[in-house]
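Structure below is work.cif: mmCIF, C-alpha atoms and all ligand atoms.
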data_coords
loop_
_atom_site.label_atom_id
_atom_site.label_comp_id
_atom_site.auth_asym_id
_atom_site.auth_seq_id
_atom_site.Cartn_x
_atom_site.Cartn_y
_atom_site.Cartn_z
CA MET A 1 9.85 -13.07 6.78
CA VAL A 2 11.14 -10.02 4.91
CA VAL A 3 13.24 -10.87 1.85
CA GLN A 4 16.32 -8.67 1.89
CA HIS A 5 17.89 -7.33 -1.27
CA LYS A 6 21.55 -6.55 -1.77
CA ILE A 7 22.36 -3.06 -2.95
CA LEU A 8 25.84 -2.56 -4.36
CA VAL A 9 27.27 0.84 -3.43
CA VAL A 10 30.43 1.92 -5.27
CA GLU A 11 31.83 5.18 -3.96
CA ASP A 12 35.36 6.36 -3.15
CA SER A 13 34.35 8.97 -0.57
CA ALA A 14 34.30 7.37 2.88
CA VAL A 15 31.78 9.95 4.12
CA VAL A 16 29.30 9.33 1.28
CA LEU A 17 29.74 5.58 1.69
CA LYS A 18 28.96 5.93 5.39
CA VAL A 19 25.84 8.03 4.76
CA LEU A 20 24.48 5.63 2.12
CA ASN A 21 25.26 2.65 4.31
CA HIS A 22 23.37 4.28 7.18
CA LEU A 23 20.34 5.21 5.05
CA LEU A 24 20.09 1.80 3.37
CA SER A 25 20.52 -0.04 6.67
CA GLN A 26 17.52 1.80 8.09
CA SER A 27 15.28 -0.19 5.78
CA SER A 28 14.70 -3.85 6.61
CA LEU A 29 14.46 -4.49 2.87
CA PHE A 30 18.02 -3.71 1.89
CA VAL A 31 21.51 -4.96 2.69
CA PRO A 32 24.23 -2.56 1.49
CA VAL A 33 27.39 -4.05 -0.01
CA LEU A 34 30.07 -1.37 0.01
CA CYS A 35 32.94 -0.96 -2.46
CA GLU A 36 35.49 1.83 -2.63
CA CYS A 37 36.66 1.33 -6.20
CA TYR A 38 35.98 -0.27 -9.59
CA ALA A 39 38.19 -3.30 -8.95
CA GLU A 40 36.44 -4.11 -5.70
CA ALA A 41 33.03 -3.79 -7.40
CA MET A 42 34.15 -6.10 -10.20
CA GLU A 43 35.31 -8.64 -7.67
CA LYS A 44 31.96 -8.51 -5.85
CA LEU A 45 30.01 -8.77 -9.09
CA ASN A 46 32.00 -11.82 -10.18
CA GLN A 47 31.03 -13.75 -7.10
CA VAL A 48 28.38 -15.84 -8.83
CA GLU A 49 26.24 -16.52 -5.82
CA ASP A 50 25.62 -12.81 -5.35
CA SER A 51 22.76 -11.11 -7.12
CA TYR A 52 22.05 -7.44 -6.65
CA PHE A 53 18.69 -5.69 -6.64
CA ALA A 54 20.25 -2.36 -7.64
CA ALA A 55 23.50 -0.42 -7.61
CA ILE A 56 24.36 3.11 -6.53
CA VAL A 57 27.57 4.24 -8.17
CA ASP A 58 29.86 7.23 -8.22
CA LEU A 59 30.97 8.21 -11.72
CA ASN A 60 34.53 9.15 -10.86
CA LEU A 61 36.37 6.37 -9.11
CA PRO A 62 40.13 6.37 -8.50
CA ASP A 63 40.66 3.37 -10.81
CA ALA A 64 37.88 4.25 -13.32
CA GLU A 65 37.54 7.98 -13.80
CA ASN A 66 35.24 8.07 -16.79
CA GLY A 67 32.12 6.35 -15.58
CA GLU A 68 33.25 2.83 -16.61
CA ILE A 69 31.46 1.50 -13.54
CA VAL A 70 28.10 2.28 -15.17
CA ASP A 71 28.81 -0.07 -18.09
CA LEU A 72 29.99 -2.76 -15.72
CA ILE A 73 26.73 -2.57 -13.75
CA LEU A 74 24.45 -2.31 -16.78
CA ASP A 75 26.20 -5.26 -18.48
CA LYS A 76 25.07 -7.36 -15.52
CA ASN A 77 21.47 -6.08 -15.98
CA ILE A 78 21.48 -4.45 -12.57
CA PRO A 79 19.37 -1.27 -12.21
CA CYS A 80 21.85 1.56 -11.73
CA VAL A 81 21.52 4.93 -9.99
CA VAL A 82 24.39 7.34 -10.64
CA LEU A 83 25.69 9.78 -8.05
CA THR A 84 28.03 12.48 -9.22
CA GLY A 85 29.64 15.65 -8.01
CA ASN A 86 29.16 17.63 -11.20
CA PHE A 87 26.11 18.22 -13.37
CA ASP A 88 26.70 18.01 -17.08
CA ASP A 89 23.80 17.96 -19.53
CA ASN A 90 25.58 15.88 -22.18
CA LEU A 91 26.76 13.37 -19.64
CA ARG A 92 23.28 13.17 -18.16
CA LEU A 93 21.78 12.41 -21.58
CA SER A 94 24.39 9.81 -22.40
CA LEU A 95 23.82 8.06 -19.07
CA LEU A 96 20.05 8.07 -19.42
CA ASN A 97 20.35 6.74 -22.97
CA LYS A 98 22.53 3.91 -21.70
CA GLY A 99 19.66 2.97 -19.38
CA VAL A 100 20.62 4.23 -15.92
CA LEU A 101 17.63 4.59 -13.66
CA ASP A 102 18.45 8.06 -12.43
CA TYR A 103 21.25 10.59 -12.33
CA ILE A 104 21.60 12.51 -9.07
CA THR A 105 24.06 15.26 -8.20
CA LYS A 106 25.64 15.28 -4.75
CA ASP A 107 24.70 18.90 -4.15
CA SER A 108 22.95 18.56 -0.81
CA ARG A 109 22.27 16.03 1.90
CA TYR A 110 18.81 15.53 0.35
CA SER A 111 20.50 13.96 -2.68
CA PHE A 112 21.21 10.84 -0.65
CA ASN A 113 17.60 10.57 0.50
CA HIS A 114 16.62 10.95 -3.14
CA VAL A 115 18.81 7.97 -4.08
CA ILE A 116 17.21 5.81 -1.40
CA LYS A 117 13.74 6.92 -2.56
CA VAL A 118 14.53 5.73 -6.09
CA ILE A 119 15.62 2.32 -4.78
CA GLU A 120 12.57 2.03 -2.52
CA ARG A 121 10.31 2.99 -5.41
CA LEU A 122 11.90 0.29 -7.54
CA HIS A 123 11.10 -2.21 -4.83
CA LYS A 124 7.49 -1.03 -4.51
CA ASN A 125 6.90 -1.13 -8.27
CA GLN A 126 7.50 -4.88 -8.45
CA GLY A 127 3.94 -5.67 -7.53
CA ILE A 128 2.30 -2.92 -9.57
CA LYS A 129 0.48 -3.77 -12.79
CA VAL A 130 0.41 -1.14 -15.53
CA LEU A 131 -1.75 -1.44 -18.64
CA VAL A 132 -0.42 0.08 -21.84
CA ALA A 133 -3.06 0.74 -24.52
CA GLU A 134 -1.38 1.66 -27.79
CA ASP A 135 -1.95 0.34 -31.31
CA SER A 136 1.58 1.05 -32.56
CA LEU A 137 3.78 -1.92 -31.70
CA THR A 138 6.96 0.19 -31.72
CA SER A 139 5.56 2.78 -29.36
CA ARG A 140 4.01 0.13 -27.11
CA ARG A 141 7.28 -1.77 -26.82
CA PHE A 142 9.18 1.46 -26.07
CA ILE A 143 6.79 2.29 -23.22
CA LYS A 144 7.00 -1.31 -21.96
CA ILE A 145 10.81 -1.11 -21.83
CA LEU A 146 10.66 2.18 -19.91
CA LEU A 147 8.19 0.75 -17.41
CA GLU A 148 10.06 -2.52 -16.97
CA GLN A 149 13.23 -0.58 -16.31
CA TYR A 150 11.40 0.61 -13.19
CA HIS A 151 10.26 -2.95 -12.42
CA PHE A 152 6.57 -2.43 -13.21
CA HIS A 153 4.58 -5.42 -14.36
CA VAL A 154 3.40 -4.42 -17.85
CA ILE A 155 0.30 -5.65 -19.67
CA GLU A 156 -0.20 -4.60 -23.31
CA VAL A 157 -3.39 -4.07 -25.33
CA GLU A 158 -3.91 -2.65 -28.82
CA ASN A 159 -7.11 -0.62 -28.44
CA GLY A 160 -9.58 0.87 -26.00
CA GLN A 161 -11.98 -2.03 -26.19
CA GLU A 162 -9.28 -4.51 -25.20
CA ALA A 163 -8.22 -2.12 -22.44
CA LEU A 164 -11.75 -2.09 -20.97
CA ALA A 165 -11.90 -5.89 -21.05
CA LYS A 166 -8.47 -6.21 -19.41
CA LEU A 167 -9.33 -3.74 -16.67
CA GLU A 168 -12.54 -5.67 -15.89
CA GLU A 169 -10.58 -8.92 -15.88
CA GLU A 170 -7.70 -7.68 -13.72
CA PRO A 171 -8.99 -5.22 -11.12
CA GLU A 172 -5.55 -4.97 -9.50
CA ILE A 173 -4.21 -2.96 -12.47
CA ARG A 174 -3.19 0.34 -10.88
CA MET A 175 -2.25 2.47 -13.88
CA LEU A 176 -3.31 2.92 -17.48
CA ILE A 177 -1.11 4.58 -20.07
CA THR A 178 -3.20 5.18 -23.14
CA ASP A 179 -2.68 6.62 -26.58
CA HIS A 180 -5.57 8.45 -28.26
CA ASN A 181 -5.59 7.18 -31.85
CA MET A 182 -6.61 3.55 -31.49
CA PRO A 183 -9.20 1.49 -33.34
CA LEU A 184 -12.63 0.53 -31.88
CA VAL A 185 -12.50 2.72 -28.74
CA ASN A 186 -10.05 5.63 -28.78
CA GLY A 187 -8.08 6.86 -25.77
CA TYR A 188 -10.30 9.82 -24.97
CA GLU A 189 -13.49 7.71 -25.06
CA LEU A 190 -11.77 5.07 -22.96
CA VAL A 191 -10.92 7.60 -20.23
CA ARG A 192 -14.49 8.97 -20.25
CA MET A 193 -15.99 5.49 -19.91
CA LEU A 194 -13.63 4.54 -17.09
CA ARG A 195 -14.22 7.68 -15.07
CA GLN A 196 -17.98 7.17 -15.18
CA ASN A 197 -17.49 3.91 -13.34
CA THR A 198 -16.75 4.34 -9.62
CA ARG A 199 -14.76 1.08 -9.68
CA PHE A 200 -12.06 2.83 -11.69
CA GLN A 201 -11.94 5.94 -9.53
CA ASP A 202 -8.48 5.09 -8.21
CA LEU A 203 -6.99 4.00 -11.52
CA VAL A 204 -4.13 6.34 -12.46
CA ILE A 205 -4.53 7.36 -16.09
CA VAL A 206 -1.85 8.98 -18.22
CA GLY A 207 -2.89 9.95 -21.75
CA LEU A 208 -0.46 10.12 -24.65
CA SER A 209 -1.02 12.84 -27.22
CA ALA A 210 0.73 13.60 -30.46
CA GLU A 211 2.85 16.70 -30.69
CA GLY A 212 0.94 19.80 -31.75
CA ASP A 213 -2.44 18.44 -30.70
CA SER A 214 -2.88 20.63 -27.65
CA SER A 215 -6.66 20.26 -27.57
CA LEU A 216 -6.26 16.53 -27.04
CA SER A 217 -4.20 16.97 -23.88
CA ALA A 218 -6.92 19.23 -22.49
CA LYS A 219 -9.61 16.75 -23.52
CA PHE A 220 -7.76 13.92 -21.76
CA ILE A 221 -7.50 15.91 -18.54
CA LYS A 222 -11.13 17.07 -18.74
CA ALA A 223 -12.29 13.50 -19.21
CA GLY A 224 -10.52 12.55 -15.99
CA ALA A 225 -6.98 11.54 -16.92
CA ASN A 226 -4.48 12.33 -14.17
CA ASP A 227 -1.85 13.51 -16.61
CA PHE A 228 -0.74 13.41 -20.22
CA LEU A 229 2.49 13.23 -22.16
CA LYS A 230 3.19 14.69 -25.54
CA LYS A 231 4.92 12.34 -27.98
CA PRO A 232 7.81 12.06 -28.52
CA PHE A 233 8.74 12.28 -24.86
CA TYR A 234 12.02 11.83 -23.13
CA HIS A 235 12.15 8.88 -20.75
CA GLU A 236 13.21 10.98 -17.77
CA GLU A 237 9.97 12.98 -18.05
CA PHE A 238 7.99 9.78 -18.60
CA HIS A 239 9.36 8.22 -15.41
CA CYS A 240 8.78 11.36 -13.37
CA ARG A 241 5.16 11.68 -14.46
CA VAL A 242 4.43 7.99 -13.94
CA ILE A 243 5.98 7.97 -10.46
CA HIS A 244 4.50 11.32 -9.34
CA ASN A 245 0.99 10.33 -10.36
CA LEU A 246 1.31 6.95 -8.75
CA GLU A 247 2.61 8.49 -5.53
CA ALA A 248 -0.24 11.02 -5.46
CA GLN A 249 -2.72 8.17 -5.78
CA GLU A 250 -0.93 6.15 -3.08
CA MET A 251 -1.11 9.17 -0.77
CA LEU A 252 -4.85 9.46 -1.43
CA VAL A 253 -5.40 5.80 -0.58
CA LYS A 254 -3.27 6.21 2.56
CA ILE A 255 -5.29 9.22 3.71
CA ARG A 256 -8.54 7.43 2.96
CA ASN A 257 -7.38 4.40 4.94
CA LEU A 258 -6.26 6.58 7.84
CA ALA A 259 -9.70 8.16 7.91
CA SER A 260 -11.42 4.78 8.13
CA VAL A 261 -9.08 2.81 10.39
CA ASP A 262 -8.66 2.93 14.15
CA SER A 263 -5.00 3.78 14.58
CA LEU A 264 -4.51 1.75 17.76
CA THR A 265 -6.02 -1.58 16.76
CA GLY A 266 -5.94 -1.44 12.97
CA LEU A 267 -9.63 -2.38 12.91
CA LYS A 268 -12.17 -0.19 11.07
CA ASN A 269 -13.26 2.85 13.04
CA ARG A 270 -16.78 3.80 14.02
CA ARG A 271 -17.22 6.03 10.98
CA SER A 272 -16.51 3.29 8.49
CA LEU A 273 -18.66 0.88 10.49
CA PHE A 274 -21.63 3.14 9.81
CA ASP A 275 -20.64 3.75 6.15
CA GLU A 276 -19.94 0.14 5.25
CA GLY A 277 -22.50 -1.35 7.65
CA GLU A 278 -25.36 0.76 6.22
CA ARG A 279 -24.37 -0.29 2.70
CA LEU A 280 -24.18 -3.98 3.57
CA PHE A 281 -27.44 -3.78 5.54
CA HIS A 282 -29.38 -2.33 2.58
CA ARG A 283 -27.73 -4.54 -0.03
CA SER A 284 -28.10 -7.80 1.81
CA SER A 285 -30.91 -10.17 0.89
CA GLN A 286 -29.99 -12.75 3.51
CA ALA A 287 -29.77 -12.93 7.31
CA VAL A 288 -27.42 -10.46 8.99
CA SER A 289 -26.13 -10.39 12.57
CA LEU A 290 -24.49 -7.69 14.61
CA ALA A 291 -22.56 -8.14 17.85
CA MET A 292 -21.32 -5.54 20.34
CA LEU A 293 -18.41 -6.76 22.49
CA ASP A 294 -17.13 -4.92 25.55
CA LEU A 295 -14.05 -5.92 27.57
CA ASP A 296 -14.90 -6.57 31.21
CA HIS A 297 -13.36 -4.46 33.97
CA PHE A 298 -10.93 -2.82 31.58
CA LYS A 299 -10.61 0.20 33.84
CA SER A 300 -8.95 -1.97 36.49
CA ILE A 301 -6.33 -3.08 33.92
CA ASN A 302 -5.50 0.56 33.22
CA ASP A 303 -5.51 1.38 36.92
CA THR A 304 -3.27 -1.57 37.81
CA TYR A 305 -0.81 -1.70 34.91
CA GLY A 306 -1.09 1.76 33.34
CA HIS A 307 -2.55 3.08 30.08
CA LEU A 308 0.32 1.84 27.91
CA VAL A 309 -0.34 -1.75 28.91
CA GLY A 310 -4.07 -1.03 28.38
CA ASP A 311 -3.24 0.15 24.85
CA GLU A 312 -1.15 -2.95 24.20
CA ILE A 313 -4.06 -5.14 25.31
CA LEU A 314 -6.44 -3.30 22.97
CA LYS A 315 -4.01 -3.84 20.08
CA MET A 316 -3.76 -7.55 20.85
CA VAL A 317 -7.52 -7.86 21.16
CA GLY A 318 -7.86 -6.16 17.77
CA ARG A 319 -5.61 -8.82 16.23
CA GLU A 320 -7.55 -11.62 17.97
CA ILE A 321 -10.80 -10.26 16.55
CA GLN A 322 -9.33 -9.94 13.07
CA ASP A 323 -8.06 -13.53 13.17
CA ALA A 324 -11.26 -14.99 14.61
CA PHE A 325 -13.68 -13.20 12.29
CA PRO A 326 -12.13 -12.97 8.83
CA GLY A 327 -14.39 -11.33 6.26
CA PHE A 328 -16.53 -9.68 8.95
CA LEU A 329 -16.98 -5.95 9.19
CA SER A 330 -15.10 -5.62 12.47
CA CYS A 331 -14.59 -2.29 14.14
CA ARG A 332 -13.48 -0.60 17.32
CA PHE A 333 -16.68 1.13 18.32
CA GLY A 334 -14.95 3.22 20.98
CA GLY A 335 -12.82 2.72 24.11
CA GLU A 336 -12.84 -1.00 24.88
CA GLU A 337 -15.99 -1.70 22.86
CA PHE A 338 -15.95 -3.56 19.52
CA CYS A 339 -18.58 -4.30 16.90
CA LEU A 340 -18.92 -7.19 14.43
CA PHE A 341 -21.34 -7.27 11.51
CA ALA A 342 -21.74 -9.99 8.88
CA GLU A 343 -24.17 -11.74 6.57
CA ILE A 344 -24.72 -14.75 8.85
CA ASN A 345 -27.63 -15.91 10.95
CA GLY A 346 -27.86 -15.48 14.72
CA GLU A 347 -26.98 -19.06 15.50
CA THR A 348 -23.76 -19.00 13.49
CA MET A 349 -22.80 -15.66 15.04
CA HIS A 350 -23.50 -17.02 18.50
CA ASN A 351 -21.42 -20.17 17.92
CA LEU A 352 -18.47 -18.21 16.52
CA LEU A 353 -18.59 -15.83 19.48
CA GLU A 354 -18.73 -18.73 21.95
CA THR A 355 -15.60 -20.25 20.37
CA PHE A 356 -13.87 -16.86 20.46
CA LEU A 357 -14.72 -16.21 24.13
CA THR A 358 -13.61 -19.72 25.12
CA ARG A 359 -10.26 -19.27 23.38
CA LEU A 360 -9.81 -15.83 24.93
CA ARG A 361 -10.41 -17.18 28.46
CA CYS A 362 -7.46 -19.56 28.04
CA LYS A 363 -5.04 -16.83 26.97
CA GLU A 364 -2.78 -14.55 28.95
CA PHE A 365 -1.89 -11.16 27.55
CA THR A 366 1.37 -9.17 27.84
CA ASP A 367 4.26 -9.97 30.18
CA ALA A 368 1.92 -9.32 33.08
CA LYS A 369 -0.12 -12.41 31.98
CA ILE A 370 -3.44 -10.58 32.08
CA SER A 371 -6.66 -12.56 31.56
CA LEU A 372 -9.50 -11.03 29.61
CA THR A 373 -13.21 -11.64 29.22
CA PHE A 374 -15.86 -10.01 27.06
CA SER A 375 -19.53 -9.27 27.55
CA VAL A 376 -21.44 -9.51 24.29
CA GLY A 377 -24.84 -8.47 22.96
CA VAL A 378 -26.09 -9.85 19.63
CA CYS A 379 -28.88 -8.67 17.37
CA SER A 380 -29.87 -11.02 14.55
CA GLN A 381 -33.60 -10.48 14.19
CA PRO A 382 -34.62 -8.26 11.22
CA LYS A 383 -34.68 -4.58 12.12
CA ALA A 384 -35.74 -1.50 10.18
CA SER A 385 -32.27 0.01 10.16
CA PHE A 386 -28.59 -0.69 10.78
CA GLU A 387 -28.66 1.76 13.65
CA GLY A 388 -31.63 -0.15 15.06
CA MET A 389 -29.50 -3.31 15.13
CA ILE A 390 -26.73 -1.49 17.02
CA LYS A 391 -29.24 -0.24 19.60
CA VAL A 392 -30.63 -3.74 20.19
CA ALA A 393 -27.14 -5.31 20.41
CA ASP A 394 -26.09 -2.56 22.82
CA HIS A 395 -29.12 -3.23 24.97
CA PHE A 396 -28.24 -6.96 25.14
CA LEU A 397 -24.62 -6.08 25.91
CA TYR A 398 -25.69 -4.15 29.00
CA GLU A 399 -27.91 -7.06 29.93
CA ALA A 400 -24.82 -9.34 29.71
CA LYS A 401 -22.93 -6.94 32.01
CA ARG A 402 -25.85 -6.87 34.45
CA LEU A 403 -26.03 -10.65 34.52
CA GLY A 404 -22.40 -10.89 35.68
CA ARG A 405 -20.26 -10.30 32.53
CA ASP A 406 -18.25 -12.87 30.49
CA GLN A 407 -21.29 -14.02 28.53
CA ILE A 408 -23.38 -13.54 25.41
CA VAL A 409 -26.96 -12.29 25.41
CA SER A 410 -28.73 -12.41 22.07
CA ASP A 411 -32.15 -12.32 20.46
CA LYS A 412 -31.68 -15.55 18.50
N1 LIG B 501 -5.50 2.20 27.66
C1 LIG B 501 -6.62 2.65 27.12
N2 LIG B 501 -7.73 2.70 27.84
C2 LIG B 501 -8.87 3.15 27.28
C3 LIG B 501 -8.92 3.56 25.95
N3 LIG B 501 -10.20 3.95 25.68
C4 LIG B 501 -10.90 3.79 26.81
N4 LIG B 501 -10.12 3.30 27.79
C5 LIG B 501 -10.42 3.01 29.18
O1 LIG B 501 -11.39 1.99 29.27
C6 LIG B 501 -11.94 2.06 30.56
C7 LIG B 501 -13.40 1.78 30.48
O2 LIG B 501 -13.89 1.78 31.76
P1 LIG B 501 -15.40 1.53 32.15
O3 LIG B 501 -16.31 2.18 31.13
O4 LIG B 501 -15.59 1.89 33.56
O5 LIG B 501 -15.62 -0.03 31.90
P2 LIG B 501 -14.88 -1.30 32.50
O6 LIG B 501 -13.86 -0.96 33.52
O7 LIG B 501 -14.42 -2.09 31.34
O8 LIG B 501 -16.05 -2.03 33.22
P3 LIG B 501 -17.26 -2.82 32.59
O9 LIG B 501 -17.40 -2.40 31.15
O10 LIG B 501 -18.45 -2.42 33.38
O11 LIG B 501 -16.94 -4.26 32.71
C8 LIG B 501 -11.62 3.45 31.11
O12 LIG B 501 -10.65 3.33 32.12
C9 LIG B 501 -11.02 4.17 29.92
O13 LIG B 501 -10.03 5.11 30.29
C10 LIG B 501 -7.72 3.50 25.20
O14 LIG B 501 -7.66 3.83 24.01
N5 LIG B 501 -6.60 3.04 25.80
#

Once you've parsed the file, please lay out its structure as structure tokens.
Ligand SMILES: Nc1nc2c(ncn2[C@@H]2O[C@H](COP(=O)(O)OP(=O)(O)OP(=O)(O)O)[C@@H](O)[C@H]2O)c(=O)[nH]1
Amino acid sequence: MVVQHKILVVEDSAVVLKVLNHLLSQSSLFVPVLCECYAEAMEKLNQVEDSYFAAIVDLNLPDAENGEIVDLILDKNIPCVVLTGNFDDNLRLSLLNKGVLDYITKDSRYSFNHVIKVIERLHKNQGIKVLVAEDSLTSRRFIKILLEQYHFHVIEVENGQEALAKLEEEPEIRMLITDHNMPLVNGYELVRMLRQNTRFQDLVIVGLSAEGDSSLSAKFIKAGANDFLKKPFYHEEFHCRVIHNLEAQEMLVKIRNLASVDSLTGLKNRRSLFDEGERLFHRSSQAVSLAMLDLDHFKSINDTYGHLVGDEILKMVGREIQDAFPGFLSCRFGGEEFCLFAEINGETMHNLLETFLTRLRCKEFTDAKISLTFSVGVCSQPKASFEGMIKVADHFLYEAKRLGRDQIVSDK
């Protein structure tokens, strides 16, 4: 079940309130709570049972014209995004110094999408671990506060050696913010070491360099850092760089996943079967088994109920396979053909497949209550190559079809 978060919106313009309400309601994560003035917001905030994930506020309200709403929100420790009609540099600085998350002018309709993006980002950041490597306690704490303001989970270390140990210990750390001048292993050496290890390829690294040391920024980037910041930096720039680099990395992961996943079923696609299967095949020192599964008479399902129902069936079958074979390399080989590969012996593979086929026979799929069966070929005897195993399993699959379908033929 999705946990929904309340977002307090304080805005005197009915149109803006409507737009923000619409945009927030489009996400299943957020529930907008709308207020037209300061007094109404205060009343909502005083209802003790209510806690707010964030607030979006207009600076000039009819009953509080000088941004008093910001202090009210920040006093309650609620992350605050300010929307305003006029851009003023001094005001912007004073708001950012107070600790507002962002300051956005209502100069186009994109401004409202920007506000929602900030709130969504805040939500996403909750699960993201960031490592801060910095020997100066003051500087480290300052960076920690800035990151926590954006809901990141912050881990602190005092030097490069500790950073390496922490990154080994906690592989889910997504970002490293590192100073250069640190004892034992300095920032530049740390980045070089990390980038030589393919495991840390996706780690986002932002180097911190002292003012005037331009060669260091270049060295950081050359060593493989994604970005750098010159100290002292202003927190608006810090947040932008952190978020932009993180989003670029997220996009990369998304593209990589799209390239390896079958969009219909969510299983791995044929390309990643060969990539990952080859690797597992060569690495494995124990028995491996490979199964090719083909839905029986699938063409007649398409012909009778249409392609959309056929697609729905393939999606459901994908989920069944995922549930029945956790930890397996499971892929949609093409059309209505699937492939399973794992480090198990032929007998175990056979038994698991038997259980799966039995369960499938008892099920009915879609509103049309369609029954499904699979023909399966299994290869579990040692072969010279991964491709060789696929060929053998494919051969047994066709044998299963020839023998009347709905059965397993294997070499065990
Ligand atoms: N809906 C849908 N159908 C697909 C997709 N990919 C392949 N098919 C259909 O799968 C059917 C496969 O038909 P056949 O190769 O004749 O096999 P079959 O009807 O399952 O018969 P047997 O394999 O001999 O039991 C064809 O009708 C394809 O159009 C897809 O992504 N979606």

Nearest residue to ligand LIG 501 (chain B) from the set A:Ile301, A:Ile145, A:Met349, A:Ala342 (distances using only C-alpha atoms and all ligand atoms) =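 When distances to ligand LIG 501 (chain B) are compared using only C-alpha atoms and all ligand atoms, the smallest one comes from A:Ile301.
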
To one decimal in Å, tell me the separation between CA of Ala324 (chain A) and CA of Phe281 (chain A).
-> 21.7 Å

Mind giving me the straight-line distance from CA of Gly277 (chain A) to CA of Lys315 (chain A) in Å, one decimal?
->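 Value for the CA of Gly277 (chain A)-CA of Lys315 (chain A) distance: 22.4 Å.
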
Extract, using all atoms listed in the file, all DNA, RNA and protein residues at most 9 Å from region 41-46 of chain A, discarding same-chain residues fewer than 6 positions from it, and format them as a PyMOL selection string.
-> chain A and resi 8-10+33-35+52+69+72-73+76

Determine, for each residue of region 264-296 of chain A having at least one atom at most 10 Å from an atom of region 382-400 of chain A, the closest pair of atoms and their separation in Å to one decimal, counting all atoms listed in the file; order by chain and ascending number, as a Markdown table.
| residue | atom | partner | partner_atom | distance |
| --- | --- | --- | --- | --- |
| A:Phe274 | CA | A:Phe386 | CA | 8.0 |
| A:Gly277 | CA | A:Phe386 | CA | 6.9 |
| A:Glu278 | CA | A:Phe386 | CA | 5.8 |
| A:Arg279 | CA | A:Phe386 | CA | 9.1 |
| A:Leu280 | CA | A:Phe386 | CA | 9.1 |
| A:Phe281 | CA | A:Phe386 | CA | 6.2 |
| A:His282 | CA | A:Phe386 | CA | 8.4 |
| A:Ala287 | CA | A:Pro382 | CA | 7.8 |
| A:Val288 | CA | A:Pro382 | CA | 7.9 |
| A:Ser289 | CA | A:Met389 | CA | 8.2 |
| A:Leu290 | CA | A:Met389 | CA | 6.7 |
| A:Ala291 | CA | A:Ala393 | CA | 6.0 |
| A:Met292 | CA | A:Ala393 | CA | 5.8 |
| A:Leu293 | CA | A:Leu397 | CA | 7.1 |
| A:Asp294 | CA | A:Leu397 | CA | 7.6 |

Selection as a ChimeraX atom specification: residues within 9 Å of (-4.3, 16.0, -23.2), counting only C-alpha atoms | /A:188,206-209,213-222,225,227-230

Within 8 Å of ligand LIG 501 (chain B), counting only C-alpha atoms and all ligand atoms, residues as a PyMOL selection string = chain A and resi 264+294-303+306-314+334-336+375+401+405

Which polymer residues, protein or nucleic acid, are no farther than 12 Å from (14.2, 2.7, -1.2), counting all atoms listed in the file, as a ChimeraX atom specification?
-> /A:4-7,20,23-32,53-56,81,112-125

Could you tell me which of A:Val317, A:Ala223, A:Cys37, A:Cys339 comes closest to Ser371 (chain A) if we count all atoms listed in the file?
->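 Between A:Val317, A:Ala223, A:Cys37, A:Cys339, the residue approaching Ser371 (chain A) most closely is A:Val317.
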
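Computed from the coordinates, the CA of Ser263 (chain A) to CA of Phe365 (chain A) distance equals 20.0 Å.
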